[in-house]
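**Student:** This is structure_6.txt (compact mmCIF, C-alpha atoms).
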# COMPACT_ATOMS: atom_id res chain seq x y z
CA MET A 1 125.23 235.47 7.37
CA LYS A 2 127.21 232.49 6.39
CA VAL A 3 130.85 232.50 7.36
CA LYS A 4 132.95 231.34 4.47
CA TYR A 5 135.65 228.91 5.44
CA PRO A 6 138.28 227.99 2.94
CA ASN A 7 138.56 224.26 2.33
CA PRO A 8 141.49 223.18 4.50
CA SER A 9 142.01 220.01 2.52
CA ILE A 10 142.96 221.86 -0.65
CA LYS A 11 145.56 224.50 -0.18
CA VAL A 12 146.45 225.50 -3.69
CA ASN A 13 149.80 227.13 -3.76
CA LYS A 14 152.00 227.47 -6.74
CA ALA A 15 154.38 229.92 -5.13
CA THR A 16 158.09 229.44 -5.06
CA LYS A 17 159.79 230.34 -1.81
CA PRO A 18 158.87 233.94 -1.06
CA LYS A 19 162.12 235.86 -1.13
CA THR A 20 161.34 238.26 1.65
CA HIS A 21 164.83 238.74 2.98
CA GLY A 22 168.30 237.30 2.76
CA MET A 23 170.11 235.12 5.21
CA LEU A 24 172.19 237.94 6.70
CA LEU A 25 169.13 239.90 7.78
CA GLU A 26 167.31 236.77 8.95
CA ASN A 27 170.27 235.45 10.94
CA SER A 28 170.95 238.84 12.48
CA LEU A 29 167.34 239.21 13.59
CA ASN A 30 167.35 235.66 14.97
CA LEU A 31 170.52 236.39 16.95
CA THR A 32 169.02 239.63 18.19
CA ASN A 33 165.87 237.85 19.34
CA GLU A 34 167.98 235.15 21.00
CA TYR A 35 169.86 237.88 22.84
CA TYR A 36 166.58 239.42 23.99
CA ARG A 37 165.41 236.00 25.23
CA ASN A 38 168.66 235.24 27.04
CA LYS A 39 168.44 238.60 28.80
CA ASN A 40 164.76 237.94 29.63
CA ILE A 41 163.82 241.13 27.74
CA ALA A 42 161.40 239.84 25.10
CA PHE A 43 160.16 236.55 23.68
CA ILE A 44 159.99 237.00 19.95
CA TYR A 45 160.47 234.18 17.44
CA LYS A 46 160.59 233.81 13.69
CA LYS A 47 157.75 231.62 12.50
CA PRO A 48 158.79 228.59 10.47
CA THR A 49 158.37 228.89 6.69
CA PRO A 50 155.06 227.22 5.84
CA ILE A 51 155.58 224.10 3.77
CA GLN A 52 152.90 221.90 2.25
CA VAL A 53 153.97 218.28 2.67
CA VAL A 54 152.71 216.02 -0.12
CA ARG A 55 154.63 212.79 0.37
CA VAL A 56 156.61 211.27 3.24
CA ASP A 57 158.79 208.16 3.16
CA TYR A 58 159.88 206.10 6.13
CA PRO A 59 163.24 204.70 5.05
CA GLN A 60 164.14 204.11 8.69
CA ARG A 61 161.77 203.25 11.44
CA SER A 62 162.66 206.30 13.48
CA ARG A 63 162.86 209.07 10.93
CA ALA A 64 160.27 210.39 8.54
CA LYS A 65 161.71 211.71 5.29
CA ILE A 66 159.70 214.25 3.35
CA VAL A 67 160.21 213.56 -0.35
CA GLU A 68 157.71 215.92 -1.91
CA ALA A 69 156.77 219.29 -0.51
CA TYR A 70 156.25 222.88 -1.63
CA TYR A 71 156.76 226.29 -0.12
CA GLN A 72 153.55 228.06 0.77
CA ARG A 73 152.74 231.72 1.07
CA ALA A 74 152.90 232.86 4.69
CA SER A 75 149.45 233.78 5.96
CA THR A 76 150.79 236.45 8.28
CA THR A 77 154.24 237.86 9.01
CA ASP A 78 157.63 236.44 9.91
CA TYR A 79 158.07 237.49 13.51
CA ASN A 80 155.85 237.75 16.55
CA GLY A 81 156.00 237.52 20.32
CA ILE A 82 155.72 239.46 23.55
CA TYR A 83 157.57 242.55 24.81
CA ARG A 84 156.78 244.53 27.96
CA GLY A 85 153.44 242.81 28.22
CA LYS A 86 152.46 243.75 24.67
CA TYR A 87 151.93 241.61 21.59
CA ILE A 88 154.52 242.50 18.96
CA ASP A 89 154.39 241.57 15.27
CA TYR A 90 156.54 242.56 12.31
CA GLU A 91 157.75 241.74 8.86
CA ALA A 92 161.38 242.16 7.79
CA LYS A 93 162.33 243.01 4.22
CA GLU A 94 165.42 243.98 2.33
CA THR A 95 166.18 245.75 -0.90
CA ASN A 96 169.17 246.37 -3.16
CA ASN A 97 167.74 249.69 -4.25
CA LEU A 98 167.48 253.12 -2.69
CA SER A 99 163.72 252.72 -2.61
CA PHE A 100 161.35 250.09 -1.24
CA SER A 101 159.10 248.50 -3.84
CA PHE A 102 155.53 247.65 -2.82
CA ALA A 103 155.99 244.38 -4.69
CA HIS A 104 158.06 243.21 -1.71
CA ILE A 105 155.12 243.05 0.62
CA PHE A 106 151.78 241.29 0.26
CA PRO A 107 148.57 243.29 0.83
CA HIS A 108 147.35 240.57 3.23
CA GLN A 109 150.46 241.15 5.36
CA ILE A 110 149.71 244.86 5.59
CA ASP A 111 146.10 244.03 6.51
CA HIS A 112 147.30 241.63 9.17
CA LEU A 113 149.61 244.24 10.72
CA LEU A 114 146.85 246.87 10.68
CA LYS A 115 144.57 244.41 12.51
CA ILE A 116 147.24 243.87 15.15
CA ASP A 117 147.56 247.63 15.61
CA GLU A 118 143.77 247.98 15.83
CA HIS A 119 143.69 245.34 18.58
CA GLY A 120 146.31 247.05 20.72
CA GLY A 121 149.44 245.29 19.54
CA ILE A 122 152.72 246.73 18.28
CA ALA A 123 153.03 246.32 14.50
CA PHE A 124 155.71 247.53 12.13
CA ILE A 125 157.94 246.75 9.17
CA ILE A 126 161.72 246.54 9.22
CA ILE A 127 163.48 247.42 5.96
CA TYR A 128 167.14 246.79 5.29
CA PHE A 129 168.67 248.97 2.58
CA LYS A 130 171.70 246.91 1.64
CA LYS A 131 173.36 249.50 -0.55
CA VAL A 132 173.77 251.96 2.31
CA ASP A 133 173.77 249.37 5.12
CA GLU A 134 170.89 251.05 6.91
CA ILE A 135 167.90 249.45 8.64
CA TYR A 136 164.67 251.31 9.37
CA LEU A 137 161.64 250.56 11.48
CA ILE A 138 158.35 251.97 10.21
CA ASP A 139 155.09 251.78 12.11
CA ILE A 140 152.41 249.99 10.12
CA LYS A 141 149.99 252.96 10.13
CA THR A 142 152.69 255.24 8.76
CA PHE A 143 153.67 252.66 6.18
CA ASN A 144 150.06 252.11 5.15
CA LYS A 145 149.52 255.83 4.56
CA LEU A 146 152.48 255.89 2.17
CA TYR A 147 151.30 252.65 0.61
CA GLN A 148 147.73 253.89 0.01
CA HIS A 149 149.01 257.24 -1.19
CA GLY A 150 151.40 255.43 -3.51
CA LEU A 151 148.65 253.22 -4.92
CA GLU A 152 146.46 256.25 -5.61
CA GLY A 153 149.24 258.25 -7.18
CA GLY A 154 150.60 255.38 -9.24
CA ASP A 155 153.83 255.14 -7.25
CA LYS A 156 155.11 251.61 -6.85
CA SER A 157 157.73 252.28 -4.22
CA ILE A 158 158.83 254.54 -1.37
CA LYS A 159 162.15 256.30 -1.62
CA LEU A 160 164.77 255.77 1.09
CA ASP A 161 164.81 259.52 1.54
CA LYS A 162 161.14 259.42 2.56
CA ILE A 163 161.59 256.37 4.77
CA SER A 164 164.48 258.01 6.59
CA LYS A 165 162.09 260.84 7.50
CA VAL A 166 159.01 258.88 8.58
CA GLY A 167 160.80 255.77 9.84
CA PHE A 168 163.36 255.27 12.59
CA LYS A 169 166.93 254.18 11.93
CA ILE A 170 167.98 251.17 13.98
CA ASP A 171 171.47 251.13 15.52
CA LEU A 172 173.57 248.26 14.24
CA GLY A 173 175.97 246.72 16.73
CA TYR A 174 177.44 243.50 17.99
CA THR A 175 175.19 242.23 20.77
CA PRO A 176 172.47 242.66 19.85
CA THR A 177 173.13 243.08 16.15
CA ILE A 178 169.91 244.92 15.29
CA ASP A 179 168.67 246.57 18.46
CA TYR A 180 165.18 247.37 17.23
CA LEU A 181 163.56 247.25 20.68
CA LYS A 182 165.32 250.54 21.47
CA ILE A 183 163.18 252.10 18.73
CA VAL A 184 160.10 250.23 19.96
CA ASP A 185 160.64 251.76 23.42
CA LYS A 186 160.74 255.27 21.96
CA LEU A 187 157.87 254.76 19.56
CA TYR A 188 155.33 252.68 21.51
CA PHE A 189 156.08 253.29 25.17
CA ALA A 190 155.62 256.92 26.14
CA SER A 191 158.28 257.22 28.83
CA GLY A 192 160.83 254.98 27.17
CA ASP A 193 161.86 253.31 30.45
CA VAL A 194 161.12 249.70 31.32
CA MET N 1 181.78 196.81 14.63
CA LYS N 2 180.99 199.60 12.32
CA VAL N 3 181.93 203.06 13.46
CA LYS N 4 179.17 205.52 12.81
CA TYR N 5 180.37 208.91 11.65
CA PRO N 6 177.95 211.75 11.98
CA ASN N 7 177.34 213.63 8.79
CA PRO N 8 178.21 217.25 9.64
CA SER N 9 176.15 218.63 6.78
CA ILE N 10 172.94 217.25 8.23
CA LYS N 11 171.66 218.61 11.50
CA VAL N 12 170.75 215.42 13.27
CA ASN N 13 167.10 215.18 13.94
CA LYS N 14 165.74 211.74 14.45
CA ALA N 15 162.29 212.85 15.36
CA THR N 16 159.37 211.77 13.32
CA LYS N 17 156.60 214.29 13.08
CA PRO N 18 155.75 215.20 16.66
CA LYS N 19 152.30 213.75 17.19
CA THR N 20 150.98 216.50 19.38
CA HIS N 21 147.41 216.28 18.26
CA GLY N 22 145.25 214.77 15.59
CA MET N 23 143.71 216.42 12.58
CA LEU N 24 140.27 216.75 14.15
CA LEU N 25 141.57 218.85 17.03
CA GLU N 26 143.87 220.86 14.77
CA ASN N 27 141.22 221.56 12.15
CA SER N 28 138.65 222.46 14.79
CA LEU N 29 141.03 224.91 16.45
CA ASN N 30 141.94 226.39 13.06
CA LEU N 31 138.26 226.85 12.21
CA THR N 32 137.66 228.39 15.61
CA ASN N 33 140.52 230.85 15.13
CA GLU N 34 139.24 231.65 11.64
CA TYR N 35 135.84 232.38 13.15
CA TYR N 36 137.45 234.69 15.72
CA ARG N 37 139.31 236.50 12.94
CA ASN N 38 136.24 236.86 10.73
CA LYS N 39 134.34 238.33 13.67
CA ASN N 40 137.29 240.64 14.45
CA ILE N 41 137.51 239.11 17.95
CA ALA N 42 141.07 237.79 18.04
CA PHE N 43 144.02 237.21 15.73
CA ILE N 44 145.45 233.84 16.64
CA TYR N 45 147.22 231.55 14.19
CA LYS N 46 148.75 228.11 14.22
CA LYS N 47 152.45 228.31 13.52
CA PRO N 48 153.65 226.20 10.61
CA THR N 49 155.34 222.92 11.49
CA PRO N 50 159.10 223.56 11.36
CA ILE N 51 160.74 221.61 8.56
CA GLN N 52 164.44 221.42 7.76
CA VAL N 53 164.82 221.59 3.99
CA VAL N 54 167.86 219.66 2.72
CA ARG N 55 167.34 219.55 -1.05
CA VAL N 56 165.18 221.49 -3.50
CA ASP N 57 164.62 220.75 -7.19
CA TYR N 58 163.37 223.18 -9.80
CA PRO N 59 161.49 221.00 -12.28
CA GLN N 60 159.55 224.01 -13.50
CA ARG N 61 160.75 227.54 -13.64
CA SER N 62 158.01 228.81 -11.39
CA ARG N 63 157.78 226.21 -8.69
CA ALA N 64 160.41 224.95 -6.28
CA LYS N 65 159.96 221.30 -5.31
CA ILE N 66 161.39 220.17 -1.99
CA VAL N 67 162.66 216.60 -2.42
CA GLU N 68 164.41 216.03 0.89
CA ALA N 69 163.32 217.51 4.18
CA TYR N 70 162.77 216.48 7.78
CA TYR N 71 160.39 217.46 10.53
CA GLN N 72 161.99 219.46 13.31
CA ARG N 73 161.05 219.87 16.92
CA ALA N 74 159.03 223.05 17.47
CA SER N 75 160.98 225.58 19.54
CA THR N 76 157.87 227.00 21.13
CA THR N 77 154.16 226.17 20.98
CA ASP N 78 151.60 225.69 18.25
CA TYR N 79 149.38 228.74 18.59
CA ASN N 80 149.89 232.39 19.36
CA GLY N 81 148.35 235.77 18.67
CA ILE N 82 146.52 238.72 20.16
CA TYR N 83 143.24 238.92 22.07
CA ARG N 84 141.78 241.98 23.81
CA GLY N 85 145.15 243.69 23.57
CA LYS N 86 146.98 240.81 25.22
CA TYR N 87 149.51 238.37 23.85
CA ILE N 88 148.08 234.84 23.94
CA ASP N 89 150.04 231.59 23.56
CA TYR N 90 149.03 227.97 23.95
CA GLU N 91 149.73 224.37 23.11
CA ALA N 92 147.01 221.87 22.19
CA LYS N 93 147.29 218.18 22.98
CA GLU N 94 145.08 215.16 22.86
CA THR N 95 145.00 211.78 24.53
CA ASN N 96 143.20 208.47 24.15
CA ASN N 97 143.45 207.84 27.87
CA LEU N 98 141.64 209.16 30.90
CA SER N 99 144.86 210.78 32.05
CA PHE N 100 147.35 213.17 30.44
CA SER N 101 150.88 211.81 30.19
CA PHE N 102 153.76 214.25 30.73
CA ALA N 103 155.46 212.57 27.79
CA HIS N 104 153.05 214.52 25.55
CA ILE N 105 154.61 217.86 26.32
CA PHE N 106 158.23 219.00 26.08
CA PRO N 107 159.82 220.70 29.13
CA HIS N 108 160.99 223.56 26.88
CA GLN N 109 157.36 224.19 25.90
CA ILE N 110 156.36 224.48 29.55
CA ASP N 111 159.31 226.84 30.13
CA HIS N 112 158.24 228.93 27.15
CA LEU N 113 154.66 229.23 28.42
CA LEU N 114 155.87 230.16 31.92
CA LYS N 115 158.01 232.93 30.38
CA ILE N 116 154.99 234.27 28.51
CA ASP N 117 153.02 234.31 31.75
CA GLU N 118 155.90 236.05 33.55
CA HIS N 119 155.95 238.75 30.86
CA GLY N 120 152.26 239.51 31.14
CA GLY N 121 150.86 237.27 28.42
CA ILE N 122 148.09 234.69 28.57
CA ALA N 123 149.49 231.15 28.51
CA PHE N 124 147.74 227.82 28.82
CA ILE N 125 147.40 224.27 27.57
CA ILE N 126 144.37 222.77 25.85
CA ILE N 127 143.84 219.04 26.33
CA TYR N 128 141.34 216.96 24.38
CA PHE N 129 140.28 213.73 26.06
CA LYS N 130 139.00 211.77 23.08
CA LYS N 131 137.44 208.92 25.04
CA VAL N 132 134.96 211.21 26.79
CA ASP N 133 134.92 213.94 24.09
CA GLU N 134 135.89 216.66 26.56
CA ILE N 135 138.32 219.53 26.11
CA TYR N 136 139.92 221.40 29.00
CA LEU N 137 141.89 224.61 29.27
CA ILE N 138 144.51 224.71 32.02
CA ASP N 139 146.50 227.78 32.94
CA ILE N 140 150.24 227.19 32.60
CA LYS N 141 150.99 227.99 36.27
CA THR N 142 148.38 225.48 37.42
CA PHE N 143 149.65 222.90 34.98
CA ASN N 144 153.25 223.49 36.04
CA LYS N 145 152.41 222.90 39.71
CA LEU N 146 150.90 219.53 38.87
CA TYR N 147 153.83 218.78 36.56
CA GLN N 148 156.48 219.62 39.18
CA HIS N 149 154.51 217.79 41.85
CA GLY N 150 154.22 214.82 39.52
CA LEU N 151 157.94 214.78 38.77
CA GLU N 152 158.76 214.86 42.48
CA GLY N 153 156.28 212.18 43.39
CA GLY N 154 157.15 209.93 40.47
CA ASP N 155 153.82 210.44 38.72
CA LYS N 156 154.06 210.49 34.96
CA SER N 157 150.60 211.79 34.22
CA ILE N 158 147.64 213.79 35.49
CA LYS N 159 144.28 212.10 35.80
CA LEU N 160 141.29 213.55 33.97
CA ASP N 161 139.54 213.69 37.33
CA LYS N 162 142.19 216.12 38.57
CA ILE N 163 142.19 218.16 35.36
CA SER N 164 138.42 218.52 35.48
CA LYS N 165 138.86 220.15 38.90
CA VAL N 166 141.77 222.53 38.23
CA GLY N 167 141.08 223.14 34.53
CA PHE N 168 138.10 224.62 32.73
CA LYS N 169 135.89 222.64 30.41
CA ILE N 170 135.44 224.26 27.01
CA ASP N 171 131.98 224.23 25.41
CA LEU N 172 131.93 222.39 22.10
CA GLY N 173 129.64 223.78 19.44
CA TYR N 174 129.26 224.53 15.78
CA THR N 175 130.51 228.07 15.20
CA PRO N 176 132.94 228.29 16.79
CA THR N 177 133.69 224.63 17.35
CA ILE N 178 135.91 225.05 20.40
CA ASP N 179 134.98 228.34 22.03
CA TYR N 180 138.02 228.59 24.30
CA LEU N 181 138.02 232.40 24.44
CA LYS N 182 134.91 232.21 26.64
CA ILE N 183 137.10 230.49 29.22
CA VAL N 184 139.92 232.99 28.61
CA ASP N 185 137.47 235.81 29.40
CA LYS N 186 136.53 234.22 32.71
CA LEU N 187 140.05 233.24 33.67
CA TYR N 188 142.20 236.19 32.55
CA PHE N 189 139.88 239.18 32.39
CA ALA N 190 138.38 240.03 35.75
CA SER N 191 135.02 241.39 34.62
CA GLY N 192 134.49 239.02 31.74
CA ASP N 193 133.08 241.71 29.45
CA VAL N 194 134.86 242.98 26.35
Would you put the structure from the file into structure tokens?

**Tutor:**
Amino acid sequence: MKVKYPNPSIKVNKATKPKTHGMLLENSLNLTNEYYRNKNIAFIYKKPTPIQVVRVDYPQRSRAKIVEAYYQRASTTDYNGIYRGKYIDYEAKETNNLSFSFAHIFPHQIDHLLKIDEHGGIAFIIIYFKKVDEIYLIDIKTFNKLYQHGLEGGDKSIKLDKISKVGFKIDLGYTPTIDYLKIVDKLYFASGDV
Amino acid sequence: MKVKYPNPSIKVNKATKPKTHGMLLENSLNLTNEYYRNKNIAFIYKKPTPIQVVRVDYPQRSRAKIVEAYYQRASTTDYNGIYRGKYIDYEAKETNNLSFSFAHIFPHQIDHLLKIDEHGGIAFIIIYFKKVDEIYLIDIKTFNKLYQHGLEGGDKSIKLDKISKVGFKIDLGYTPTIDYLKIVDKLYFASGDV
């Protein structure tokens, strides 16, 4: 069998910047992850946004200036790292509605998270419902069931009501802002203690 | 004398693109990781190069064009993912010389890899010696000993001769090109079998 490799020299990408989440959610998660690092609890980082650089100028000897570049679609998810010896991987999304539209997440991101789960990692989605100021963590297997069920039934979204039942509400606070590892402890580590 | 005022709107970053490795090494590692993914062996990706976007134009409705941006220093390492249930993290470097200069790696990258090791992950450095066409994998703890020893003794590099003794030579082939997980099996999984 021949393994098909995509041609790395041509990465066609006409996408605008994927609007996965707003700055408030992103900054709050970054601060939370910084807190976890400072406390030596977990090492989880946001991956940089992939950008295809087309043209670079060198107006000064010491500093390259990118003058033509385009946002690319992320091949995986936004956040990954290590917690309690386990690989952890998640995507964070937000919505203005009281339901979460499947249009907000790419199928290849769901596939990626399912692969992580299959290989013994911790994989989930974080959804911020702005209207009610609530953030939920949903395990990828649970999410995928709803997603597949939705696709079959013609549903294009999951209602907040449903998510509040199958997902886990994350406490919002000051330090850390979004203490999602408390939910991870409950959900993925049997005893809950470190 | 002209007084130079810093521009507060621009986060100062005088770095040109960090030349950590050439395209041959990067493409070969990407192909290798693609092979591992296609075979459902491991899910390891290269993180995108972090770029600070300063200005974006919208010449067409559907496509954002970045017209001013700068390369940023990576906060962590180039590659991470999951293998055999474990978090894996590494940096890949290359050199034209028969020694590896410490100038090629940032102290904060070594610190990051040591943290990963401390938290139960697999952490190492891959070094490609172009002159002799040899690639070595060195565990981060081993590397750090040589690094600290070097700093104390005034050495600014590690000789290939030394690396060939404390590191592990990676077989180069066709598919995969750089089969580093074979070394990972030997080094980090006692029995070596999956």

**Student:** Quick one: superpose chain A on chain N on all Cα atoms, same order, and give the RMSD.

**Tutor:**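 Pairing the C-alpha atoms in order and fitting gives 5.3 Å.
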
**Student:** Using all atoms listed in the file, which of the listed residues (N:Ile126, N:Gln52, N:Val132, N:Tyr174) sits closest to Leu31 in chain N?

**Tutor:** N:Tyr174

**Student:** Give as a count of residues only every residue of chain N that touches chain A within 6 Å, counting all atoms listed in the file.

**Tutor:** 17

**Student:** For the atom pair CA of Tyr35 in chain N and CA of Gly173 in chain N, what is the interatomic distance in Å to one decimal place?

**Tutor:**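 Interatomic distance here is 12.3 Å.
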
**Student:** To one decimal place, how far is CA of Phe143 in chain N from CA of Phe100 in chain N in Å?

**Tutor:**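 Rounded to one decimal, the two atoms are 11.0 Å apart.
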
**Student:** Find the residues near Ile170 in chain A: any atom within 9 Å, counting only C-alpha atoms, skip ones fewer than 2 places away on the same chain, and give them as a ChimeraX atom specification.

**Tutor:** /A:134-137,168,172,178-183

**Student:** Quick one, how far is CA of Asp185 in chain A from CA of Ile127 in chain A?

**Tutor:**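 So the two atoms, CA of Asp185 in chain A and CA of Ile127 in chain A, lie 18.2 Å apart.
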
**Student:** So which one's closest to Leu98 in chain N, N:Glu34, N:Asp111, N:Glu152, N:Asp161? Using only C-alpha atoms, please.

**Tutor:**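 Of the candidates, the smallest distance to Leu98 in chain N is held by N:Asp161.
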
**Student:** Smallest atom-to-atom distance to Asp133 in chain A: which of A:Leu146, A:Leu160, A:Val166, A:Ile44, using all atoms listed in the file?

**Tutor:**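 Of the candidates, the smallest distance to Asp133 in chain A is held by A:Leu160.
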
**Student:** Let me know the centre plus edge lengths, in Å and rounded to one decimal, of a box with edges along x, y and z that contains all listed atoms of range 96-106 of chain A and is padded by 8 Å on every side, as lines of an AutoDock Vina configuration file.

**Tutor:**
center_x = 160.5
center_y = 247.2
center_z = -2.0
size_x = 33.4
size_y = 27.8
size_z = 21.3
